Structure formats: structure tokens, C-alpha cells
>>> print(open('final01.txt').read())   # compact mmCIF, C-alpha atoms and all ligand atoms
# COMPACT_ATOMS: atom_id res chain seq x y z
CA MET X 15 127.50 -103.53 -58.39
CA VAL X 16 128.04 -99.89 -57.43
CA ALA X 17 131.24 -98.16 -56.34
CA ILE X 18 131.50 -94.68 -54.84
CA VAL X 19 134.42 -92.29 -54.43
CA MET X 20 133.39 -90.45 -51.28
CA ASP X 21 135.10 -87.14 -52.05
CA GLY X 22 134.62 -83.56 -50.91
CA ASN X 23 134.75 -83.72 -47.12
CA GLY X 24 137.47 -81.05 -46.95
CA ARG X 25 135.64 -78.61 -49.22
CA TRP X 26 132.39 -79.22 -47.34
CA ALA X 27 134.14 -78.42 -44.06
CA GLU X 28 135.64 -75.25 -45.50
CA ALA X 29 132.29 -74.11 -46.89
CA HIS X 30 130.69 -74.59 -43.46
CA GLY X 31 133.51 -73.03 -41.43
CA LYS X 32 134.28 -76.37 -39.80
CA SER X 33 137.43 -78.40 -39.24
CA VAL X 34 138.52 -81.02 -41.75
CA ASP X 35 137.85 -83.65 -39.07
CA GLU X 36 134.25 -82.45 -38.82
CA GLY X 37 134.05 -82.77 -42.59
CA HIS X 38 135.18 -86.39 -42.41
CA ARG X 39 132.68 -87.04 -39.62
CA ALA X 40 129.88 -85.61 -41.76
CA GLY X 41 131.19 -87.91 -44.50
CA ALA X 42 130.82 -90.94 -42.23
CA ARG X 43 127.19 -89.96 -41.57
CA ALA X 44 126.65 -89.68 -45.32
CA LEU X 45 128.02 -93.20 -45.73
CA ARG X 46 125.49 -94.59 -43.31
CA ARG X 47 122.67 -92.70 -45.03
CA THR X 48 123.84 -93.88 -48.44
CA VAL X 49 124.02 -97.52 -47.41
CA GLU X 50 120.45 -97.30 -46.12
CA ALA X 51 119.37 -95.66 -49.39
CA ALA X 52 121.18 -98.39 -51.34
CA ILE X 53 119.23 -101.06 -49.46
CA ASP X 54 115.99 -99.26 -50.36
CA LEU X 55 117.04 -99.12 -54.03
CA GLY X 56 117.79 -102.84 -54.05
CA ILE X 57 121.56 -102.47 -54.55
CA GLU X 58 123.19 -105.68 -53.36
CA THR X 59 126.88 -104.75 -53.40
CA LEU X 60 128.44 -101.37 -52.67
CA VAL X 61 132.15 -100.53 -52.63
CA VAL X 62 133.16 -97.21 -51.07
CA TYR X 63 136.55 -95.51 -51.22
CA ALA X 64 137.38 -94.32 -47.73
CA PHE X 65 141.19 -94.01 -47.68
CA SER X 66 143.64 -94.37 -50.53
CA THR X 67 147.26 -95.54 -50.47
CA GLU X 68 148.08 -91.92 -51.34
CA ASN X 69 146.05 -90.44 -48.47
CA TRP X 70 148.91 -91.35 -46.08
CA THR X 71 150.67 -88.27 -47.48
CA ARG X 72 148.13 -85.97 -45.80
CA PRO X 73 149.06 -84.07 -42.60
CA SER X 74 149.68 -86.51 -39.76
CA GLY X 75 146.89 -85.01 -37.66
CA GLU X 76 144.34 -85.59 -40.41
CA VAL X 77 145.54 -89.18 -40.91
CA ALA X 78 145.28 -89.79 -37.15
CA ASP X 79 141.75 -88.35 -37.12
CA LEU X 80 140.78 -90.64 -40.00
CA MET X 81 142.08 -93.69 -38.11
CA VAL X 82 140.02 -92.72 -35.04
CA LEU X 83 137.01 -92.22 -37.30
CA LEU X 84 137.55 -95.67 -38.85
CA SER X 85 137.64 -97.22 -35.39
CA GLU X 86 134.53 -95.35 -34.25
CA THR X 87 132.66 -96.19 -37.43
CA ILE X 88 133.40 -99.89 -36.90
CA ASP X 89 132.16 -99.61 -33.32
CA GLU X 90 129.10 -97.45 -33.84
CA GLU X 91 127.76 -97.10 -37.38
CA LEU X 92 128.53 -100.47 -38.94
CA PRO X 93 126.88 -102.56 -36.17
CA ASP X 94 123.72 -100.46 -36.69
CA LEU X 95 123.90 -101.25 -40.38
CA ALA X 96 124.44 -104.92 -39.51
CA LYS X 97 121.03 -104.84 -37.80
CA GLN X 98 119.67 -104.00 -41.25
CA GLY X 99 121.46 -106.97 -42.81
CA VAL X 100 124.63 -105.24 -44.00
CA ARG X 101 127.71 -107.42 -44.31
CA SER X 102 130.85 -105.28 -43.98
CA ARG X 103 134.26 -106.13 -45.37
CA PHE X 104 137.45 -104.19 -46.01
CA LEU X 105 139.44 -103.94 -49.21
CA GLY X 106 143.09 -102.97 -49.23
CA ARG X 107 146.26 -103.43 -47.30
CA ARG X 108 145.89 -104.03 -43.60
CA ASP X 109 149.46 -104.09 -42.38
CA ARG X 110 149.91 -100.32 -42.04
CA ILE X 111 146.83 -99.88 -39.84
CA ASP X 112 147.05 -99.96 -36.03
CA PRO X 113 146.84 -103.64 -34.93
CA ALA X 114 143.96 -102.88 -32.55
CA ILE X 115 141.94 -101.46 -35.45
CA GLN X 116 142.94 -104.42 -37.65
CA GLU X 117 141.41 -106.61 -34.95
CA GLN X 118 138.20 -104.53 -34.98
CA MET X 119 138.08 -104.92 -38.77
CA ARG X 120 138.45 -108.69 -38.53
CA ALA X 121 135.83 -108.95 -35.77
CA LEU X 122 133.28 -106.92 -37.73
CA GLU X 123 133.88 -109.04 -40.84
CA ASP X 124 133.35 -112.21 -38.80
CA GLU X 125 130.28 -110.92 -36.98
CA THR X 126 128.53 -109.83 -40.18
CA ALA X 127 129.67 -112.75 -42.38
CA SER X 128 126.23 -114.34 -42.62
CA LEU X 129 124.31 -111.15 -43.47
CA ASP X 130 123.10 -110.74 -47.03
CA THR X 131 120.77 -107.79 -47.49
CA LEU X 132 123.65 -105.66 -48.76
CA SER X 133 127.35 -106.39 -49.08
CA LEU X 134 129.45 -103.34 -48.17
CA TRP X 135 133.14 -103.20 -49.08
CA ILE X 136 135.09 -100.38 -47.49
CA ALA X 137 138.27 -99.61 -49.43
CA PHE X 138 140.78 -98.47 -46.83
CA ASP X 139 144.50 -98.12 -47.48
CA TYR X 140 143.41 -99.21 -50.92
CA GLY X 141 145.20 -98.49 -54.19
CA GLY X 142 144.25 -99.98 -57.55
CA ARG X 143 147.88 -100.26 -58.63
CA ALA X 144 148.89 -101.84 -55.33
CA GLU X 145 146.09 -104.37 -55.73
CA ILE X 146 147.34 -105.39 -59.19
CA VAL X 147 150.96 -105.50 -58.04
CA ASP X 148 149.99 -107.66 -55.05
CA ALA X 149 148.08 -110.00 -57.39
CA ALA X 150 151.13 -110.25 -59.68
CA ARG X 151 153.29 -111.07 -56.68
CA ARG X 152 150.88 -113.84 -55.71
CA LEU X 153 151.04 -115.31 -59.21
CA VAL X 154 154.81 -115.59 -58.78
CA GLU X 155 154.54 -116.95 -55.23
CA ASP X 156 152.05 -119.55 -56.44
CA GLY X 157 154.53 -120.61 -59.14
CA VAL X 158 152.08 -120.00 -61.98
CA PRO X 159 153.95 -120.55 -65.27
CA ALA X 160 153.91 -117.61 -67.70
CA GLU X 161 151.73 -119.43 -70.21
CA ASP X 162 149.05 -119.91 -67.54
CA VAL X 163 148.92 -116.21 -66.60
CA ASP X 164 145.65 -114.92 -67.97
CA GLU X 165 142.94 -112.50 -66.83
CA ALA X 166 141.20 -115.15 -64.74
CA ALA X 167 144.43 -116.16 -62.97
CA LEU X 168 145.15 -112.56 -62.06
CA ALA X 169 141.55 -111.73 -61.09
CA GLU X 170 141.54 -114.71 -58.71
CA ARG X 171 144.40 -113.08 -56.81
CA LEU X 172 142.91 -109.61 -56.37
CA TYR X 173 142.02 -108.53 -52.83
CA ALA X 174 138.40 -109.68 -53.22
CA PRO X 175 138.00 -112.02 -56.20
CA GLU X 176 134.28 -112.36 -55.48
CA LEU X 177 133.78 -108.65 -56.13
CA GLY X 178 133.62 -109.00 -59.90
CA GLU X 179 132.99 -106.16 -62.33
CA ILE X 180 131.81 -102.73 -61.23
CA ASP X 181 128.71 -101.65 -63.16
CA LEU X 182 128.46 -98.07 -61.94
CA LEU X 183 131.08 -95.77 -60.44
CA ILE X 184 129.86 -92.59 -58.78
CA ARG X 185 132.24 -89.83 -57.75
CA ALA X 186 131.08 -87.00 -55.54
CA SER X 187 132.47 -83.44 -55.38
CA GLY X 188 132.83 -82.65 -59.08
CA GLU X 189 136.29 -84.15 -59.59
CA LEU X 190 136.54 -86.03 -62.88
CA ARG X 191 139.11 -88.71 -62.11
CA ILE X 192 139.55 -92.24 -60.78
CA SER X 193 142.30 -91.50 -58.20
CA ASN X 194 143.64 -95.07 -58.24
CA PHE X 195 140.33 -96.72 -57.32
CA LEU X 196 139.52 -100.25 -58.57
CA LEU X 197 141.61 -99.95 -61.73
CA TRP X 198 141.07 -103.56 -62.74
CA GLU X 199 137.42 -103.88 -61.71
CA LEU X 200 136.33 -100.62 -63.38
CA ALA X 201 137.35 -101.71 -66.88
CA TYR X 202 133.81 -101.37 -68.31
CA ALA X 203 132.06 -99.47 -65.54
CA GLU X 204 129.70 -96.63 -66.36
CA LEU X 205 130.95 -93.41 -64.73
CA VAL X 206 128.64 -90.87 -63.12
CA PHE X 207 130.02 -87.68 -61.60
CA THR X 208 128.04 -85.43 -59.31
CA ASP X 209 128.95 -81.99 -58.00
CA THR X 210 127.42 -82.82 -54.61
CA LEU X 211 130.09 -82.83 -51.90
CA TRP X 212 130.13 -86.22 -50.20
CA PRO X 213 128.75 -85.06 -46.80
CA ASP X 214 125.67 -83.72 -48.64
CA PHE X 215 125.18 -86.87 -50.75
CA ASP X 216 121.74 -88.35 -50.23
CA VAL X 217 119.16 -90.75 -51.58
CA ASP X 218 118.26 -88.39 -54.42
CA ASP X 219 121.87 -88.28 -55.62
CA LEU X 220 122.06 -92.06 -55.48
CA ARG X 221 118.78 -92.48 -57.31
CA ALA X 222 119.83 -89.96 -59.98
CA ALA X 223 123.09 -91.87 -60.54
CA VAL X 224 121.28 -95.19 -60.84
CA GLU X 225 118.79 -93.66 -63.30
CA ALA X 226 121.65 -92.22 -65.39
CA TYR X 227 123.24 -95.67 -65.40
CA ALA X 228 119.98 -97.33 -66.46
CA ALA X 229 119.78 -95.00 -69.48
CA ARG X 230 123.28 -95.92 -70.71
CA GLN X 231 123.92 -98.38 -73.46
CA ARG X 232 126.74 -100.73 -72.50
CA ARG X 233 128.56 -102.35 -75.39
CA PHE X 234 131.67 -103.99 -73.94
CA GLY X 235 133.46 -103.38 -77.19
CA ALA X 236 130.88 -105.14 -79.36
CA ARG X 237 129.02 -103.59 -82.32
CA ALA X 238 125.80 -102.17 -80.95
CA ALA X 239 122.54 -103.70 -82.20
CA ARG X 240 120.71 -101.25 -84.50
C1 LIG A 301 137.44 -87.45 -49.13
O1 LIG A 301 137.34 -86.09 -48.86
C2 LIG A 301 137.92 -88.21 -47.93
C3 LIG A 301 139.27 -88.76 -48.06
C4 LIG A 301 140.03 -88.67 -49.13
C5 LIG A 301 139.81 -89.44 -46.90
P1 LIG A 301 138.57 -85.10 -49.03
O2 LIG A 301 139.21 -84.93 -47.70
O3 LIG A 301 139.45 -85.53 -50.12
O4 LIG A 301 137.81 -83.77 -49.43
P2 LIG A 301 138.34 -82.63 -50.41
O5 LIG A 301 138.64 -83.28 -51.72
O6 LIG A 301 139.56 -82.05 -49.77
O7 LIG A 301 137.21 -81.67 -50.49
C1 LIG A 302 140.07 -90.17 -53.44
O1 LIG A 302 139.96 -88.83 -53.07
C2 LIG A 302 140.20 -91.03 -52.24
C3 LIG A 302 139.03 -91.09 -51.38
C4 LIG A 302 137.88 -90.50 -51.58
C5 LIG A 302 139.18 -91.92 -50.22
P1 LIG A 302 141.20 -87.86 -52.98
O2 LIG A 302 140.69 -86.55 -52.51
O3 LIG A 302 142.29 -88.48 -52.20
O4 LIG A 302 141.68 -87.80 -54.49
P2 LIG A 302 142.43 -86.66 -55.30
O5 LIG A 302 143.67 -86.32 -54.52
O6 LIG A 302 141.50 -85.50 -55.40
O7 LIG A 302 142.70 -87.27 -56.64
MG MG A 303 139.47 -85.12 -52.12
>>> encode(input="final01.txt", output="C-alpha cells", more="lines below")
Ligand code: IPE
Ligand code: IPE
Ligand code: MG
Amino acid sequence: MVAIVMDGNGRWAEAHGKSVDEGHRAGARALRRTVEAAIDLGIETLVVYAFSTENWTRPSGEVADLMVLLSETIDEELPDLAKQGVRSRFLGRRDRIDPAIQEQMRALEDETASLDTLSLWIAFDYGGRAEIVDAARRLVEDGVPAEDVDEAALAERLYAPELGEIDLLIRASGELRISNFLLWELAYAELVFTDTLWPDFDVDDLRAAVEAYAARQRRFGARAAR
């Protein structure tokens, strides 16, 4: 399973003398391209970071533009990807998003529920800490006694328990950090960073990341075989 931090839209816009909104729009096109490339590479599950719990602190105009872009992406790009067998789901809080867009999110999830070429999770209003806190709250709500709280009990209460472990995390734009993405699920992920700004990310970047991953030796804490 592959996860991507789609970063660098602002710097791409600045480098091209465009508005930040145009940068985000170029980023949405890159997402579509990347999902198609992922299908070609045989990737079955892809999680992309589109909007963090901290991104609400951006200027209100930029946040508003991102909400419009979310709505338009659900209407235009994701149905085209559905024609290629892409099941789309959202990861994160929903309650702070416009109810009309929440309805679009639900409808898209329902309409694509039976598709299985590639499973796309779009992390929106997502925070790794918030996800763990919400899972802890559910443990309490479910009345789980302290002695029964273990990793499995918590993992079952994450936003998408079926997601499982991330194998490969890719971050675009040269930043070397996690930025509160999938803190639980990344525990043993291999990390690949590329300087490519997200709007320029293409099939070659994806292939290079997958090849770097394939060359890694994963140990999961065990003594490596000699
Ligand atoms: C990523 O691009 C998109 C979001 C965080 C919504 P940025 O907007 O963070 O781009 P940079 O980091 O400013 O270049
Ligand atoms: C992470 O990028 C969030 C998304 C790509 C959606 P940011 O641009 O928000 O992260 P920081 O601020 O550089 O850590
Ligand atoms: Mg950024």
C-alpha cells in the first residue's frame, strides 16, 4: 500500500507566476495522472494527503478555494477514474466540511463501492493525532476495559481499519517530514522523498519511488538474515 503527501502546489504556482489556487488545480490534475499511473503499476491501494487538520489555519480564501476544488474533483475527476475501476473513499473528519460537499463525498463512496481495480483514499481534514485521539475516544465509548486495550483494539477504531500498514510513503516537494499524516499506519513504512513539486509529479516519479522501495530491506525490528 502506497501513501503520498501531495506537497508543493504553492511553490509550483509561485515558480510559474500563477495564483495559489491555480497551483492547487494543477495538483488535482497531478492526482488524476498519478492514480492512472498507479493502476498501470499494479498498485491496489493509494492514500493521498489532500488537506490536513492544520491546513484550516491557511488564509480563508485559500481554504475556500480548496473546498470548491474538492467539490469539483468529486464531480469531475473522480467519476472519470471510477470508469477505470477506481473506488474512492475519504479519510478524516467530515463534520467541519460543508454539508453539501459531505453529501457529495458520501454519494461518490456509495457509487464506487463495488469497484476494485484501485482503492483510493483521499485524506481530507485528516490528522494522524486526531485519528488516534478519536480511536481512543471510541475505546472509552465502547466500554473496553483497560486490560483489553491493545494494538488490535485501537487499530479497529481508526478511521479506516481495513487500510492496514503503509508500505511506502512518498512525499513530493523536497520537505523531509510527516506533517501529521497516518502516524499509526506509517510505523514501519519505507519513506521516499522527491524534490519534484506535486503538480509536476508523474509516472516516472512514481516508478522511481516504487523501485527505491523494492530495493529496501525491511526488517520490522528483527535481526536481518545474513
Ligand atoms: C500542498 O501544497 C497542498 C495542501 C497542503 C493543501 P502546498 O499548498 O502546501 O504547497 P507549498 O508547500 O506551499 O509549496
Ligand atoms: C501536508 O503539507 C499536507 C498536505 C499535503 C495536504 P503541508 O504543506 O500542509 O505541510 P507543512 O506545513 O509543510 O508541514
Ligand atoms: Mg506545503
>>> residues_near_ligand(input="final01.txt", ligand="ligand MG 303 (chain A)", cutoff="12 Å", atoms="only C-alpha atoms and all ligand atoms", output="PyMOL selection string")
chain X and resi 19-27+34+37-38+41+63-66+68-69+72+185-193+211-213
>>> closest_atom_pairs(input="final01.txt", of="region 36-106 of chain X", to="region 214-219 of chain X", cutoff="10 Å", atoms="all atoms listed in the file", output="CSV")
residue,atom,partner,partner_atom,distance
X:Ala40,CA,X:Asp214,CA,8.3
X:Gly41,CA,X:Asp214,CA,8.1
X:Arg43,CA,X:Asp214,CA,9.6
X:Ala44,CA,X:Phe215,CA,6.3
X:Leu45,CA,X:Phe215,CA,8.6
X:Arg47,CA,X:Asp216,CA,6.8
X:Thr48,CA,X:Asp216,CA,6.2
X:Val49,CA,X:Val217,CA,9.3
X:Glu50,CA,X:Val217,CA,8.6
X:Ala51,CA,X:Val217,CA,5.4
X:Ala52,CA,X:Val217,CA,7.9
X:Asp54,CA,X:Val217,CA,9.2
X:Leu55,CA,X:Val217,CA,9.0
>>> residues_around(input="final01.txt", residues="region 151-159 of chain X", least_positions_apart="4", cutoff="10 Å", atoms="only C-alpha atoms", output="PyMOL selection string")
chain X and resi 145-147+163+167-168+170-172
>>> axis_aligned_box(input="final01.txt", around="ligand LIG 302 (chain A)", padding_each_side="5 Å", output="AutoDock Vina command-line options")
--center_x 140.8 --center_y -88.7 --center_z -53.4 --size_x 15.8 --size_y 16.4 --size_z 16.4
>>> residues_around(input="final01.txt", residues="Leu134 (chain X)", least_positions_apart="5", cutoff="7 Å", atoms="all atoms listed in the file", output="ChimeraX atom specification")
/X:59-61,100-103
>>> closest_residue(input="final01.txt", among="X:Asp181, X:Asp162, X:Asp148, X:Asp35", to="Ile18 (chain X)", atoms="all atoms listed in the file")
X:Asp181
>>> atom_distance(input="final01.txt", atom1="CA of Leu200 (chain X)", atom2="CA of Glu125 (chain X)")
29.0 Å
>>> atom_distance(input="final01.txt", atom1="CA of Val82 (chain X)", atom2="CA of Ile136 (chain X)")
15.4 Å
>>> residues_near_point(input="final01.txt", point="(137.6, -97.4, -34.5)", cutoff="10 Å", atoms="all atoms listed in the file", output="list in words")
Leu80, Met81, Val82, Leu83, Leu84, Ser85, Glu86, Thr87, Ile88, Asp89, Glu90, Asp112, Ala114, Ile115, Gln116, Glu117, Gln118 and Met119 of chain X
>>> atom_distance(input="final01.txt", atom1="CA of Val62 (chain X)", atom2="CA of Ala17 (chain X)")
5.7 Å
>>> closest_residue(input="final01.txt", among="X:Asp130, X:Glu161, X:Asp139, X:Glu199", to="ligand LIG 301 (chain A)", atoms="only C-alpha atoms and all ligand atoms")
X:Asp139
>>> build_atoms(input="final01.txt", residues="region 45-59 of chain X", atoms="N, CA and C atoms", output="short mmCIF file (atom, residue, chain, number, x, y, z; two decimals), in the frame of the given file")
data_model
loop_
_atom_site.label_atom_id
_atom_site.label_comp_id
_atom_site.auth_asym_id
_atom_site.auth_seq_id
_atom_site.Cartn_x
_atom_site.Cartn_y
_atom_site.Cartn_z
N LEU X 45 127.85 -91.79 -45.35
CA LEU X 45 128.02 -93.20 -45.73
C LEU X 45 126.87 -94.03 -45.18
N ARG X 46 126.58 -93.83 -43.92
CA ARG X 46 125.49 -94.59 -43.31
C ARG X 46 124.17 -94.37 -44.06
N ARG X 47 123.90 -93.08 -44.32
CA ARG X 47 122.67 -92.70 -45.03
C ARG X 47 122.63 -93.35 -46.43
N THR X 48 123.78 -93.35 -47.08
CA THR X 48 123.84 -93.88 -48.44
C THR X 48 123.65 -95.39 -48.46
N VAL X 49 124.21 -96.07 -47.47
CA VAL X 49 124.02 -97.52 -47.41
C VAL X 49 122.53 -97.83 -47.21
N GLU X 50 121.89 -97.07 -46.34
CA GLU X 50 120.45 -97.30 -46.12
C GLU X 50 119.66 -97.03 -47.40
N ALA X 51 120.05 -95.97 -48.12
CA ALA X 51 119.37 -95.66 -49.39
C ALA X 51 119.63 -96.77 -50.41
N ALA X 52 120.84 -97.32 -50.39
CA ALA X 52 121.18 -98.39 -51.34
C ALA X 52 120.34 -99.63 -51.07
N ILE X 53 120.10 -99.92 -49.80
CA ILE X 53 119.23 -101.06 -49.46
C ILE X 53 117.84 -100.81 -50.06
N ASP X 54 117.33 -99.59 -49.86
CA ASP X 54 115.99 -99.26 -50.36
C ASP X 54 115.93 -99.37 -51.88
N LEU X 55 117.03 -99.06 -52.56
CA LEU X 55 117.04 -99.12 -54.03
C LEU X 55 117.34 -100.53 -54.54
N GLY X 56 117.56 -101.46 -53.62
CA GLY X 56 117.79 -102.84 -54.05
C GLY X 56 119.22 -103.12 -54.52
N ILE X 57 120.15 -102.23 -54.19
CA ILE X 57 121.56 -102.47 -54.55
C ILE X 57 122.10 -103.55 -53.61
N GLU X 58 122.74 -104.55 -54.20
CA GLU X 58 123.19 -105.68 -53.36
C GLU X 58 124.65 -105.56 -52.92
N THR X 59 125.46 -104.88 -53.74
CA THR X 59 126.88 -104.75 -53.40
C THR X 59 127.32 -103.31 -53.62
#
